[in-house]
Structures are given as structure tokens and as C-alpha cells.
Protein chains: 2
Amino acid sequence: MTWLDLPADTLFGITNLPYGVYSHGSEAPRCGVRIGDHVLDLAAALAPDPAAEAFAAPTLNAFMAQGRDRWSAVRARLVELLTDEAHRAAVEPHLRPLAEVRPHLPFEVGDYVDFYASEHHASNIGRMFRPNTDPLTPNWKHLPIGYHGRSGTVVPSGTPIVRPRGQRKAPDETFPTFGPSRRLDIEAEVGFVVGTPSALGEPVSIDAFPDHVFGVCLVNDWSSRDLQAWEYVPLGPFLGKSFATSVSPWIVPLEALEAARIAPPPRDHTLLPYLSDTDNWALDLSLEVRVNDQVVSRPPFSTMYWTPAQMLAHMTVNGASVRTGDLYASGTVSGPERDQRGCLMELSWGGREPLKLDDGSVRTFLEDGDEVTITAVAPGANGTRLGFGEVTGTVLPAR
Amino acid sequence: MTWLDLPADTLFGITNLPYGVYSHGSEAPRCGVRIGDHVLDLAAALAPDPAAEAFAAPTLNAFMAQGRDRWSAVRARLVELLTDEAHRAAVEPHLRPLAEVRPHLPFEVGDYVDFYASEHHASNIGRMFRPNTDPLTPNWKHLPIGYHGRSGTVVPSGTPIVRPRGQRKAPDETFPTFGPSRRLDIEAEVGFVVGTPSALGEPVSIDAFPDHVFGVCLVNDWSSRDLQAWEYVPLGPFLGKSFATSVSPWIVPLEALEAARIAPPPRDHTLLPYLSDTDNWALDLSLEVRVNDQVVSRPPFSTMYWTPAQMLAHMTVNGASVRTGDLYASGTVSGPERDQRGCLMELSWGGREPLKLDDGSVRTFLEDGDEVTITAVAPGANGTRLGFGEVTGTVLPAR
């Protein structure tokens with residue numbers, strides 16, 4: 001038990017300890033770990049360990065690059081510092097209330113890859129985007145489909161989202177028109193942050209997933225469905241996605257998620273050896289999507305077809321290297337039920353079945369001023385529950 | 001005229017002055033400018049100007065971030081230093097023969113975007129990948145189609161290319177198989193390097209192209225056609241491209257290309273205002289592709305349907321920002337003639353019409369040991385010709 005006075009049901013107890021970057025007043029951003037509603041200044045708390053200097057930085061990258069053994073050692077030390085009453089006097093001065101600090105993007109993003117790993121989501125989108133064909137393409141159950149997104153527009157939770165403008169063409173129009181997106185959407189996703197890099201030309205085996213992936217965050221992959229529908233054939237989504245991708249401020253260490261590991265779903269085909277699960281890396285995260293503070297969906301990450309270990313193995317099997325700070329996201333998390341769908345495109349079935357909100361308004365896609373928040377919880381050690389910290393953003397009118 | 005003793009037909013005379021990064025022996029990499037077959041140490045040659053410190057760095061990013069006025073001022077100063085005999089004694093000691101130095105990746109890559117801007121290439125590929133439909137998708141003449149590539153695997157010229165492995169499925173096979181790519185290809189492209197960043201939410205207008213783009217390089221977008229064909233529907237190319245992208249070591253400043261500017265081709269539709277050319281930014285670059293030192297193609301960049309100014313305007317019209325170091329490439333440059341096609345997929349028409357090489361061998365796609373080199377020339381000021389420095393790479397067997 002920690003010597004901090006935390007409620008028994010806290011989502012940010014000693015079994016979680018997620019990492020982030022924060023600033024206070026005009027001080028430079030630095031790395032911290034969240035405990036309850038406080039953040040601990042890591043460089044100060046871990047001094048005089050010289051390796052603690054990596055935390056006096058505006059990103060987690062230097063620490064993430066130190067590798068799995070160091071991640072474990074720091075975590076063990078933090079548990080010691082926060083549970084042993086003997087350390088209290090030295091550590092307590094380095095705690096600061098969350099309400100007093102500003103969160104920043106926790107890592108410098110290398111490459112950003114977005115997968116498409118939910119069978120329910122891919123099937124629903126396929127039915128809407130390509131109505132007269134099989135909803136899943138022939139490759140879908142043989143490999144985790146993914147594509148590169150724009151890393152330069154990955155923004156921290158809280159960043160306002162300006163409604164994008166661009167080309168869109170309705171099926172009954174001859175030519176495209178230009179203007180603000182009429183079908184602005186969210187995608188509730190789970191993100192995986194690479195710590196340990198790999199060498200060019202050397203695939204990362206599926207077993208090496210926990211050696212390379214530092215931790216997990218939440219991602220809102222804002223999407224403009226009208227821009228996307230017009231542009232995406234044949235080379236995939238581009239401007240329909242690249243205007244902004246929001247990430248949660250706290251990176252939950254993979255080590256904290258041992259109790260959340262579950263068996264992946266049965267697969268329809270025998271997978272090629274490089275994708276064969278030798279270990280259980282499906283994760284039992286329960287997401288929640290709120291629009292203007294009303295819950296509109298509860299997507300279960302446990303229902304994903306592909307695991308993050310498979311995604312990493314696939315992404316590198318051609319010899320592509322990963323770097324510290326690379327982010328890859330799961331794709332929209334959608335469960336089999338209607339109220340488990342992770343985007344408005346599915347929730348309103350392409351706009352044909354509007355959602356009713358408690359204030360009496362209805363939604364097909366996002367309106368200016370809407371605030372969207374995604375949260376998640378997962379089982380933690382010793383019967384605890386872990387929180388992920390929310391990723392939120394408010395839609396501003398097009399400029 | 002420069003005081004250096006250069007041949008009259010040099011491609012790297014005083015009207016070119018491309019920037020790069022090089023190292024000598026065990027010294028740290030630093031920025032230089034190429035003149036003839038020498039490289040000038042910029043930090044040393046421009047001292048004691050305090051702004052010259054940006055060149056004592058392993059990338060051009062700090063200099064590129066300083067903006068267009070500074071780019072012009074440095075270029076003017078370099079012309080002065082290299083033409084006025086009075087500077088010779090001070091400058092000459094900072095010249096080093098190219099043969100004695102090692103080129104490096106000239107900039108740290110932010111996002112990498114690959115366009116698809118040649119009508120001839122897109123039509124040829126469309127005919128082969130989607131034989132029973134229109135070769136160009138309905139959007140193609142309304143917007144420059146593009147997608148994000150992997151910036152972490154952009155490598156400098158000379159880096160060996162390990163043949164990628166992955167999933168591929170022939171049309172007559174029921175399930176995919178795994179192994180080394182059987183259809184390894186090149187794509188001869190022209191790359192544009194962003195210097196001045198833009199703000200999130202603020203489109204870059206088509207007129208602002210020369211304010212943001214620092215310079216131009218050559219790109220070989222290595223491609224695995226069998227991996228690509230199986231994976232790319234519906235979200236675009238991924239592992240078929242992400243194993244490596246090579247760039248030439250010298251960035252030709254946009255300012256050096258004034259004499260290369262030409263009118264873009266006539267367009268079939270009236271373009272939306274944000275893509276309307278108000279200025280001529282088509283460029284008269286003549287590319288040359290060699291396989292094992294034999295010329296196999298001479299792609300004319302002048303035949304591209306979309307200009308780099310249109311690409312930048314499109315890429316940011318949704319509010320996506322650009323960063324210093326962002327690279328965007330034109331897509332394969334292919335002209336209307338068979339010997340102007342910029343990739344083997346087109347040159348061998350999907351493998352059905354093998355190329356004969358002078359050594360008696362034939363090629364459909366690349367074989368292990370093949371060396372591919374792309375070069376280009378363009379008109380320069382005062383009737384000169386500018387060279388781009390080659391981008392080269394040799395195929396190593398799959399591991």
C-alpha cells in the first residue's frame with residue numbers, strides 16, 4: 001500500500017503508475033508519473049541516480065530508449081519510494097496536484113501507423129463504403145491491415161480540433177465541391193508506443209513485443225468521412241485523417257497490464273508463422289466514448305481480431321525498422337453490439353440512424369462545439385483497476 | 001565565374017550550389033555545399049557570422065528552419081565567396097574533395113508523403129492493378145492523390161537494400177504464402193524538402209510554395225509489387241513500400257531552379273481555386289535511371305500532371321501542418337514513351353515484356369546484386385545545366 005491517501009477504488013494507484021510530461025507555470029516541461037491525483041517529478045524523486053537525468057526532459061523518449069530492464073527497474077524503484085514510509089519525507093515534496101499542472105504530448109512521435117484490427121469495425125465500414133462487395137477484403141483475416149498516418153499532427157489531449165476543409169463529392173454530384181467537412185467523426189483507438197528501436201532489415205518477432213513496446217495510451221483518430229470517401233481510392237486515407245490525431249497524456253506501462261492479458265479470439269485461418277500467437281497479448285481494456293459528457297459507446301478492446309504483438313511483427317516483417325517514439329494504433333475499437341461501436345459513422349450507420357443525446361439534440365456526425373472524450377479501464381494487479389487518463393478535444397468551426 | 005578550376009560543362013557550378021551533410025574520417029557529420037567535385041565546409045567558410053553555427057550540425061534542419069530570406073542571403077554570400085578572388089585564400093582551405101568524404105542523410109525527416117502525380121504512371125499502374133476498370137480513379141484529375149510513407153526508413157544514397165520478405169498471393173492461389181519478394185521494383189521520383197514550418201489549422205496557399213520548400217532531391221521509392229498487390233486494398237500501400245526509401249545526398253535549392261520553371265500541362269477540368277496555378281511551378285528536370293550502369297529509362301519530370309506547389313497546397317488544405325524536414329515526393333515520374341517509364345513494373349509491363357540488358361541478361365524485376373542509380377539534370381541560370389547528384393542502392397538477398 002502506498003503512503004499516499006488514495007481512495008480504495010482509485011484508477012491511478014500503485015499498480016498503475018503511468019508516465020507523462022507536464023509543466024507547472026512557466027517551468028520547462030518534464031517527465032512525471034501519475035499517482036492518484038498527483039504527479040511525481042521523476043528527475044527530482046529518483047536523484048541522485050545519474051540515469052534519472054533522462055526525466056528532466058520535455059519527452060519520455062530518452063527514458064523509453066533505455067530498454068525493458070531499465071523500465072522494470074524504475075517501476076520497481078517507484079513502487080518502493082511510494083510504499084515505504086521511510087521514503088515519504090524525501091519524496092512527498094516532489095508531488096504536485098494534477099490540477100496545478102499542464103499536460104504535454106508525452107513523447108516525440110517517430111512514425112505513426114494506424115491499423116484496422118477490429119473485425120466489427122472493418123465489416124461495418126466495408127458495408128457502408130463498398131456496399132456491393134464483401135465487407136471484408138480477401139486479405140483482412142491473413143494480415144493486420146494498416147497504413148501510415150501523419151505524425152506531425154499528433155496532438156496532446158485537450159488540443160482544439162479545427163473542422164477541416166477539403167474536397168468532397170456526393171455520389172449524385174458530377175464534380176467535387178470544396179468546403180468544411182460535413183461528416184466529421186472520431187475513432188476510439190488504443191495506441192502502442194515503441195521504446196526500444198530495431199535495426200533496418202531485421203524483423204521484430206512476435207515474441208519480442210514486450211521488449212520493444214514501452215506502453216499504451218488512448219488515441220482519437222479524428223476522421224472526415226466525406227473527404228476520406230472521395231480521396232481514398234486507390235492509395236488510402238490521407239487528408240481525411242491527417243488534420244489531427246489526439247493522444248491521452250498518460251502512457252500506461254506494458255508491465256502494468258499483465259492482469260489485463262487475455263487470449264485472442266479464434267482465427268478463421270491458420271496464420272503464417274510470423275503472426276502465430278505464442279503468447280496472449282489480447283488486452284481486456286474497456287473503453288468509453290462520451291460526446292458532450294454523455295456516454296455514447298462502450299467499445300471492448302477484448303474483441304479485437306489482431307493483437308498489438310501481431311501488429312508489430314507484421315509492421316516489421318519486411319525489414320522496416322522501428323524507432324523510439326513510434327506510435328501505432330489499433331484502429332477503431334468496435335464490439336459486436338450497436339452501443340459498442342467506436343465511431344459515429346457506425347453509431348449513426350452512415351448518418352441514416354441519428355443518435356439522440358440527453359439534451360434533446362441528435363447527432364449523425366460532430367457539430368461545432370462538440371466535446372469528445374475517450375477513457376478506458378483495465379484490470380490491474382491484486383484486483384485493482386487501472387485508468388488510462390482521458391483523451392479529449394472540442395471541435396472548432398472551420399476557418 | 002568561380003575561381004575554382006571547373007570544366008565549362010560542370011553540373012555543379014556556381015549556379016547550382018546544392019546543400020548536403022558529409023563527414024571526413026571520424027569527424028562528426030556537418031553541413032556542406034557542393035561545388036564541382038568538392039564540398040565546402042559551411043560553418044568554417046561562413047564564420048564568424050554567428051548564424052553559420054547552424055551548419056556545424058549533422059542535418060540541414062536548423063538552417064532550413066531559418067526561412068527563405070536567410071536561404072537567399074546565404075546563397076548570395078556563397079556566390080560572393082566562390083567568385084571573388086579576394087576570398088580565395090580564406091575559403092580554399094575549407095574545400096575538401098568529394099572523394100574523401102562520406103555523404104549522410106542531409107536532413108532529419110519529419111513526415112514523408114508520396115504522391116502519384118504522373119498521369120502516364122498512374123494510368124499504366126491502373127491498367128495492370130485494376131484491369132477491368134478505368135485506369136484512373138474518378139478523383140485523379142481533381143486532386144493530387146498521395147499517402148503517407150514511413151519516414152524512419154528514409155535512407156541516404158548508397159545504403160544497401162535488403163530484399164524484403166512478406167505475404168504475397170498470386171491470383172490463382174487460395175491462400176497467401178510468405179517469403180522474399182519476387183517483384184522488387186524501383187520508383188524514380190523527385191522529392192521536395194520543407195524548410196519553413198506552417199501552423200496547425202492553417203492551409204499553405206499555392207502561392208506560398210517557395211516560402212516553405214527549401215529544395216529538391218531525387219528519391220528512389222523502392223517497391224515490392226507482390227507485397228503491395230496483396231495488401232493495398234482498402235487502406236493503401238504499407239509493407240510494399242516501408243522497407244526503404246533512398247534519397248540523393250544533395251538538396252538543390254529551389255532558388256537555383258528558376259530557369260527550370262515551365263508551364264504545367266493543360267488540365268482536363270477546371271480545378272478548385274486552392275489548386276489553381278497562379279504561377280508556373282512545373283519543372284523541367286530530365287531524369288535517368290540506370291540498372292547496373294546501363295540506362296533503362298529517361299523520365300521527363302516536365303510531363304507531370306500535378307506540380308509540387310499543388311501538392312503542398314493540397315497536403316495542407318485540411319489544416320494539416322508541415323514541419324521543417326518534411327519530405328514529399330512526386331510519385332514515379334513516367335513520360336508517354338516506353339523508354340520514359342520510371343519503374344520496372346511499367347518498363348516490363350508487369351513482367352510480361354522483359355528488358356534486355358547489354359550483358360545479355362534480362363530483367364522483369366530486380367535481382368539480388370543489381371545496382372540502381374537515378375540521376376537528373378535541369379536548366380540553370382545563364383545557360384548552365386544543374387546536376388542533382390545520384391541516388392543509388394544495391395539489392396542484397398533477403399535475410
# chains A, B, ... in the order shown; residues from 1 in each chain; ligands from 1

$ interface_residues --of "chain B" --to "chain A" --cutoff "7 Å" --atoms "only C-alpha atoms" --output "PyMOL selection string"
chain B and resi 111+139+146-153+162+164-166+201+230-231+234-239+242-243+315+317-321

$ write_last_selection --atoms "N, CA, C and O atoms" --output "compact mmCIF listing (two decimals), in the first residue's frame"
# COMPACT_ATOMS: atom_id res chain seq x y z
N ASP B 111 7.61 14.17 -41.62
CA ASP B 111 6.70 13.26 -42.30
C ASP B 111 7.16 13.05 -43.74
O ASP B 111 7.73 13.95 -44.36
N ASN B 139 -11.31 10.47 -58.94
CA ASN B 139 -10.74 11.63 -58.24
C ASN B 139 -9.44 12.12 -58.86
O ASN B 139 -9.00 13.24 -58.58
N GLY B 146 -2.21 11.26 -52.81
CA GLY B 146 -0.98 10.98 -52.07
C GLY B 146 -1.29 10.13 -50.86
O GLY B 146 -2.46 9.91 -50.52
N TYR B 147 -0.24 9.67 -50.20
CA TYR B 147 -0.39 8.90 -48.96
C TYR B 147 0.88 9.08 -48.15
O TYR B 147 1.92 9.47 -48.68
N HIS B 148 0.79 8.79 -46.87
CA HIS B 148 1.97 8.88 -46.02
C HIS B 148 2.82 7.62 -46.12
O HIS B 148 2.28 6.51 -46.08
N GLY B 149 4.12 7.81 -46.23
CA GLY B 149 5.06 6.70 -46.20
C GLY B 149 5.80 6.67 -44.87
O GLY B 149 5.50 7.45 -43.96
N ARG B 150 6.77 5.78 -44.76
CA ARG B 150 7.49 5.61 -43.49
C ARG B 150 8.74 6.49 -43.48
O ARG B 150 9.68 6.25 -44.24
N SER B 151 8.75 7.49 -42.61
CA SER B 151 9.90 8.40 -42.59
C SER B 151 11.12 7.77 -41.92
O SER B 151 12.25 8.14 -42.22
N GLY B 152 10.90 6.81 -41.02
CA GLY B 152 12.02 6.19 -40.30
C GLY B 152 12.89 5.30 -41.16
O GLY B 152 13.98 4.91 -40.74
N THR B 153 12.43 4.98 -42.36
CA THR B 153 13.23 4.14 -43.24
C THR B 153 13.66 4.90 -44.51
O THR B 153 13.96 4.29 -45.53
N VAL B 162 18.05 -4.47 -48.48
CA VAL B 162 17.80 -5.89 -48.25
C VAL B 162 16.45 -6.25 -48.86
O VAL B 162 15.45 -5.59 -48.59
N PRO B 164 12.98 -7.36 -49.24
CA PRO B 164 12.00 -7.57 -48.17
C PRO B 164 11.32 -8.93 -48.31
O PRO B 164 11.21 -9.47 -49.41
N ARG B 165 10.86 -9.43 -47.19
CA ARG B 165 10.02 -10.62 -47.19
C ARG B 165 8.62 -10.23 -46.76
O ARG B 165 8.43 -9.18 -46.13
N GLY B 166 7.68 -11.05 -47.09
CA GLY B 166 6.32 -10.73 -46.68
C GLY B 166 5.31 -11.65 -47.33
O GLY B 166 5.68 -12.64 -47.99
N GLY B 201 -3.86 23.87 -38.53
CA GLY B 201 -5.13 24.53 -38.79
C GLY B 201 -5.05 25.59 -39.87
O GLY B 201 -6.09 26.14 -40.26
N TRP B 230 -1.14 -7.49 -52.75
CA TRP B 230 -1.96 -8.28 -51.81
C TRP B 230 -2.48 -7.42 -50.66
O TRP B 230 -3.56 -7.65 -50.14
N GLU B 231 -1.71 -6.43 -50.25
CA GLU B 231 -2.06 -5.71 -49.03
C GLU B 231 -2.84 -4.43 -49.24
O GLU B 231 -3.46 -3.92 -48.32
N PRO B 234 -8.02 -2.12 -48.48
CA PRO B 234 -8.51 -0.80 -48.88
C PRO B 234 -7.69 0.39 -48.38
O PRO B 234 -8.05 1.51 -48.72
N LEU B 235 -6.63 0.20 -47.61
CA LEU B 235 -6.02 1.37 -46.96
C LEU B 235 -4.71 1.85 -47.59
O LEU B 235 -4.04 2.70 -47.04
N GLY B 236 -4.34 1.26 -48.74
CA GLY B 236 -3.17 1.78 -49.46
C GLY B 236 -1.91 0.99 -49.20
O GLY B 236 -1.89 0.04 -48.41
N PRO B 237 -0.81 1.38 -49.87
CA PRO B 237 0.46 0.66 -49.75
C PRO B 237 1.03 0.78 -48.34
O PRO B 237 0.92 1.82 -47.71
N PHE B 238 1.64 -0.28 -47.85
CA PHE B 238 2.19 -0.28 -46.48
C PHE B 238 3.55 -0.99 -46.53
O PHE B 238 4.57 -0.36 -46.82
N LEU B 239 3.57 -2.32 -46.32
CA LEU B 239 4.84 -3.03 -46.31
C LEU B 239 5.48 -3.12 -47.69
O LEU B 239 6.69 -3.34 -47.80
N SER B 242 7.44 0.28 -47.22
CA SER B 242 8.04 0.84 -45.99
C SER B 242 9.43 0.32 -45.67
O SER B 242 10.05 0.79 -44.72
N PHE B 243 9.94 -0.67 -46.42
CA PHE B 243 11.27 -1.23 -46.06
C PHE B 243 12.42 -0.29 -46.35
O PHE B 243 13.44 -0.35 -45.68
N MET B 315 -1.89 19.08 -49.62
CA MET B 315 -1.49 18.36 -48.39
C MET B 315 -1.88 19.11 -47.12
O MET B 315 -2.03 18.52 -46.06
N VAL B 317 -4.45 21.68 -47.11
CA VAL B 317 -5.72 22.40 -47.23
C VAL B 317 -6.70 22.03 -46.12
O VAL B 317 -7.60 22.80 -45.78
N ASN B 318 -6.50 20.87 -45.53
CA ASN B 318 -7.36 20.44 -44.42
C ASN B 318 -6.87 20.96 -43.07
O ASN B 318 -7.41 20.59 -42.03
N GLY B 319 -5.82 21.78 -43.09
CA GLY B 319 -5.29 22.32 -41.84
C GLY B 319 -4.10 21.55 -41.31
O GLY B 319 -3.50 21.96 -40.30
N ALA B 320 -3.72 20.46 -41.97
CA ALA B 320 -2.52 19.73 -41.53
C ALA B 320 -1.31 20.65 -41.65
O ALA B 320 -1.17 21.39 -42.62
N SER B 321 -0.45 20.62 -40.65
CA SER B 321 0.74 21.46 -40.64
C SER B 321 1.90 20.73 -41.31
O SER B 321 1.91 19.50 -41.40

$ residues_around --residues "range 93-101 of chain A" --least-positions-apart "3" --cutoff "6 Å" --atoms "only C-alpha atoms" --output "list of chain:residue names"
A:Ser23, A:His24, A:Asp37, A:His38, A:Val39, A:Leu40, A:Asp41

$ residues_around --residues "range 360-376 of chain A" --least-positions-apart "6" --cutoff "7 Å" --atoms "only C-alpha atoms" --output "list in words"
Arg183, Leu184, Asp185, Ala188, Leu285, Ser286, Leu287, Glu288, Val289, Arg290, Val291, Asn292, Leu344, Ser348, Gly351, Pro354, Gly387, Phe388, Gly389, Glu390, Val391, Thr392, Gly393, Thr394, Val395, Leu396 and Pro397 of chain A

$ atom_distance --atom1 "CA of Ile14 in chain B" --atom2 "CA of Met304 in chain B"
28.1 Å

$ residues_around --residues "range 117-121 of chain A" --least-positions-apart "6" --cutoff "12 Å" --atoms "only C-alpha atoms" --output "PyMOL selection string"
chain A and resi 127-129+135-137+140-147+187-190+264-265+267-268+282+299-311+328-338+340-347+349

$ select_by_dssp --residues "range 130-307 of chain B" --states "strand (DSSP E or B)" --output "count of residues only"
57

$ atom_distance --atom1 "CA of Arg102 in chain B" --atom2 "CA of Arg88 in chain B"
24.7 Å

$ residues_around --residues "Trp3 in chain A" --least-positions-apart "6" --cutoff "9 Å" --atoms "only C-alpha atoms" --output "list in words"
Leu82, Thr83, Asp84, Glu85 and Arg88 of chain A

$ residues_around --residues "Ala73 in chain B" --least-positions-apart "3" --cutoff "12 Å" --atoms "only C-alpha atoms" --output "list in words"
Leu46, Asp49, Ala51, Ala52, Phe63, Gln66, Gly67, Arg68, Asp69, Arg70, Ala76, Arg77, Leu78, Val79, Glu80 and Glu255 of chain B

$ write_last_selection --atoms "all heavy atoms" --output "compact mmCIF listing (two decimals), in the first residue's frame"
# COMPACT_ATOMS: atom_id res chain seq x y z
N LEU B 46 31.72 30.30 -43.55
CA LEU B 46 30.84 31.45 -43.28
C LEU B 46 31.16 32.13 -41.95
O LEU B 46 30.60 33.19 -41.66
CB LEU B 46 29.38 31.02 -43.32
CG LEU B 46 28.87 30.57 -44.71
CD1 LEU B 46 27.49 29.94 -44.59
CD2 LEU B 46 28.84 31.75 -45.68
N ASP B 49 30.18 34.83 -39.01
CA ASP B 49 28.73 35.05 -38.94
C ASP B 49 28.15 34.07 -37.90
O ASP B 49 28.25 32.86 -38.08
CB ASP B 49 28.13 34.78 -40.32
CG ASP B 49 26.61 34.93 -40.34
OD1 ASP B 49 26.00 35.02 -39.27
OD2 ASP B 49 26.05 34.92 -41.45
N ALA B 51 25.24 33.14 -37.32
CA ALA B 51 24.21 32.26 -37.86
C ALA B 51 24.82 31.06 -38.56
O ALA B 51 24.13 30.09 -38.88
CB ALA B 51 23.30 33.03 -38.80
N ALA B 52 26.14 31.10 -38.84
CA ALA B 52 26.80 29.99 -39.51
C ALA B 52 26.86 28.75 -38.63
O ALA B 52 27.10 27.65 -39.11
CB ALA B 52 28.20 30.40 -39.94
N PHE B 63 19.29 25.12 -40.43
CA PHE B 63 19.38 26.12 -41.50
C PHE B 63 18.07 26.22 -42.27
O PHE B 63 17.55 27.32 -42.53
CB PHE B 63 20.54 25.77 -42.43
CG PHE B 63 20.61 26.61 -43.68
CD1 PHE B 63 20.67 28.00 -43.61
CD2 PHE B 63 20.62 26.01 -44.93
CE1 PHE B 63 20.73 28.78 -44.78
CE2 PHE B 63 20.68 26.78 -46.09
CZ PHE B 63 20.73 28.16 -46.02
N GLN B 66 15.38 28.41 -40.92
CA GLN B 66 15.60 29.86 -40.82
C GLN B 66 14.82 30.65 -41.87
O GLN B 66 14.71 31.86 -41.78
CB GLN B 66 17.10 30.18 -40.91
CG GLN B 66 17.85 29.70 -39.65
CD GLN B 66 19.36 29.85 -39.78
OE1 GLN B 66 19.89 30.20 -40.83
NE2 GLN B 66 20.06 29.57 -38.67
N GLY B 67 14.29 29.98 -42.86
CA GLY B 67 13.37 30.66 -43.78
C GLY B 67 14.02 31.21 -45.05
O GLY B 67 15.23 31.28 -45.20
N ARG B 68 13.14 31.61 -45.96
CA ARG B 68 13.54 31.94 -47.32
C ARG B 68 14.53 33.08 -47.43
O ARG B 68 15.45 33.04 -48.25
CB ARG B 68 12.26 32.27 -48.10
CG ARG B 68 12.47 32.43 -49.58
CD ARG B 68 11.14 32.72 -50.27
NE ARG B 68 11.31 32.90 -51.69
CZ ARG B 68 10.33 33.24 -52.51
NH1 ARG B 68 9.10 33.43 -52.03
NH2 ARG B 68 10.55 33.40 -53.80
N ASP B 69 14.35 34.12 -46.62
CA ASP B 69 15.28 35.26 -46.71
C ASP B 69 16.70 34.82 -46.37
O ASP B 69 17.67 35.21 -47.01
CB ASP B 69 14.84 36.38 -45.76
CG ASP B 69 13.57 37.05 -46.25
OD1 ASP B 69 13.18 36.82 -47.41
OD2 ASP B 69 12.96 37.82 -45.46
N ARG B 70 16.80 34.02 -45.34
CA ARG B 70 18.12 33.53 -44.93
C ARG B 70 18.70 32.60 -45.99
O ARG B 70 19.89 32.64 -46.27
CB ARG B 70 17.99 32.83 -43.57
CG ARG B 70 19.22 32.13 -43.08
CD ARG B 70 20.30 33.08 -42.58
NE ARG B 70 21.47 32.33 -42.18
CZ ARG B 70 22.71 32.81 -42.15
NH1 ARG B 70 22.94 34.08 -42.48
NH2 ARG B 70 23.70 32.06 -41.78
N ALA B 76 23.62 33.98 -51.72
CA ALA B 76 24.31 35.14 -52.29
C ALA B 76 25.73 35.26 -51.72
O ALA B 76 26.69 35.55 -52.45
CB ALA B 76 23.51 36.41 -52.00
N ARG B 77 25.85 35.02 -50.45
CA ARG B 77 27.18 35.10 -49.81
C ARG B 77 28.11 34.02 -50.37
O ARG B 77 29.29 34.26 -50.60
CB ARG B 77 27.01 34.95 -48.29
CG ARG B 77 28.31 34.90 -47.51
CD ARG B 77 29.06 36.21 -47.56
NE ARG B 77 30.26 36.18 -46.73
CZ ARG B 77 31.32 36.96 -46.91
NH1 ARG B 77 31.31 37.87 -47.88
NH2 ARG B 77 32.35 36.87 -46.12
N LEU B 78 27.57 32.82 -50.59
CA LEU B 78 28.40 31.74 -51.13
C LEU B 78 28.88 32.06 -52.54
O LEU B 78 30.04 31.81 -52.89
CB LEU B 78 27.62 30.41 -51.13
CG LEU B 78 27.37 29.81 -49.75
CD1 LEU B 78 26.43 28.60 -49.85
CD2 LEU B 78 28.69 29.40 -49.07
N VAL B 79 28.00 32.65 -53.35
CA VAL B 79 28.41 33.05 -54.69
C VAL B 79 29.55 34.06 -54.60
O VAL B 79 30.56 33.97 -55.31
CB VAL B 79 27.21 33.64 -55.47
CG1 VAL B 79 27.67 34.29 -56.77
CG2 VAL B 79 26.18 32.54 -55.76
N GLU B 80 29.41 34.99 -53.68
CA GLU B 80 30.45 36.00 -53.48
C GLU B 80 31.78 35.35 -53.08
O GLU B 80 32.83 35.62 -53.64
CB GLU B 80 29.94 36.95 -52.39
CG GLU B 80 30.74 38.21 -52.18
CD GLU B 80 30.15 39.01 -50.99
OE1 GLU B 80 28.92 38.91 -50.74
OE2 GLU B 80 30.93 39.69 -50.31
N GLU B 255 15.74 28.06 -55.29
CA GLU B 255 16.19 29.28 -55.95
C GLU B 255 17.07 28.99 -57.17
O GLU B 255 17.13 29.80 -58.11
CB GLU B 255 16.96 30.15 -54.93
CG GLU B 255 17.05 31.60 -55.32
CD GLU B 255 17.70 32.45 -54.23
OE1 GLU B 255 17.71 32.04 -53.04
OE2 GLU B 255 18.23 33.52 -54.58

$ select_by_dssp --residues "range 202-316 of chain B" --states "helix (DSSP H, G or I)" --output "MDAnalysis selection string"
chainID B and resid 206:212 225:231 254:260 273:275 301:303 308:316

$ write_last_selection --atoms "C-alpha atoms" --output "short mmCIF file (atom, residue, chain, number, x, y, z; two decimals), in the first residue's frame"
data_model
loop_
_atom_site.label_atom_id
_atom_site.label_comp_id
_atom_site.auth_asym_id
_atom_site.auth_seq_id
_atom_site.Cartn_x
_atom_site.Cartn_y
_atom_site.Cartn_z
CA ILE B 206 -0.38 27.54 -53.54
CA ASP B 207 1.49 30.85 -53.90
CA ALA B 208 3.43 30.24 -50.68
CA PHE B 209 5.23 27.19 -52.10
CA PRO B 210 8.65 28.91 -52.41
CA ASP B 211 8.34 30.31 -48.88
CA HIS B 212 8.07 26.80 -47.43
CA ARG B 225 4.89 -5.18 -56.16
CA ASP B 226 3.80 -8.60 -54.90
CA LEU B 227 3.53 -7.47 -51.26
CA GLN B 228 1.78 -4.29 -52.41
CA ALA B 229 -0.76 -6.01 -54.65
CA TRP B 230 -1.96 -8.28 -51.81
CA GLU B 231 -2.06 -5.71 -49.03
CA LEU B 254 14.58 25.96 -55.14
CA GLU B 255 16.19 29.28 -55.95
CA ALA B 256 18.64 27.50 -58.28
CA LEU B 257 15.73 26.15 -60.35
CA GLU B 258 14.28 29.45 -61.64
CA ALA B 259 15.41 28.63 -65.19
CA ALA B 260 13.82 25.17 -64.94
CA PRO B 273 -9.42 27.55 -56.51
CA TYR B 274 -6.95 26.25 -53.92
CA LEU B 275 -5.27 24.18 -56.66
CA PHE B 301 9.56 15.45 -64.96
CA SER B 302 8.11 18.12 -67.29
CA THR B 303 5.26 15.73 -68.14
CA PRO B 308 4.89 20.46 -56.31
CA ALA B 309 3.10 23.72 -55.43
CA GLN B 310 -0.23 21.98 -55.91
CA MET B 311 0.94 19.04 -53.82
CA LEU B 312 1.83 21.30 -50.90
CA ALA B 313 -1.42 23.26 -51.15
CA HIS B 314 -3.41 20.03 -51.22
CA MET B 315 -1.49 18.36 -48.39
CA THR B 316 -2.27 21.27 -46.06
#

$ atom_distance --atom1 "CA of Thr2 in chain B" --atom2 "CA of His87 in chain B"
10.9 Å

$ decode --residues "range 193-214 of chain B" --atoms "C-alpha atoms" --output "PDB file, in the first residue's frame"
ATOM      1  CA  VAL B 193      12.053  19.217 -48.697  1.00  0.00           C
ATOM      2  CA  VAL B 194      10.155  21.580 -46.411  1.00  0.00           C
ATOM      3  CA  GLY B 195      12.139  24.280 -44.645  1.00  0.00           C
ATOM      4  CA  THR B 196       9.672  26.745 -43.147  1.00  0.00           C
ATOM      5  CA  PRO B 197       7.001  25.095 -40.980  1.00  0.00           C
ATOM      6  CA  SER B 198       3.308  26.006 -41.023  1.00  0.00           C
ATOM      7  CA  ALA B 199       0.813  26.223 -38.172  1.00  0.00           C
ATOM      8  CA  LEU B 200      -1.750  23.529 -37.392  1.00  0.00           C
ATOM      9  CA  GLY B 201      -5.132  24.535 -38.791  1.00  0.00           C
ATOM     10  CA  GLU B 202      -3.656  26.963 -41.367  1.00  0.00           C
ATOM     11  CA  PRO B 203      -3.524  25.822 -45.009  1.00  0.00           C
ATOM     12  CA  VAL B 204      -0.471  26.818 -47.056  1.00  0.00           C
ATOM     13  CA  SER B 205      -1.675  28.627 -50.162  1.00  0.00           C
ATOM     14  CA  ILE B 206      -0.375  27.537 -53.540  1.00  0.00           C
ATOM     15  CA  ASP B 207       1.490  30.847 -53.897  1.00  0.00           C
ATOM     16  CA  ALA B 208       3.427  30.241 -50.685  1.00  0.00           C
ATOM     17  CA  PHE B 209       5.225  27.192 -52.098  1.00  0.00           C
ATOM     18  CA  PRO B 210       8.655  28.906 -52.411  1.00  0.00           C
ATOM     19  CA  ASP B 211       8.337  30.306 -48.878  1.00  0.00           C
ATOM     20  CA  HIS B 212       8.073  26.802 -47.434  1.00  0.00           C
ATOM     21  CA  VAL B 213      10.015  24.484 -49.723  1.00  0.00           C
ATOM     22  CA  PHE B 214      13.760  24.691 -49.303  1.00  0.00           C
TER      23      PHE B 214
END
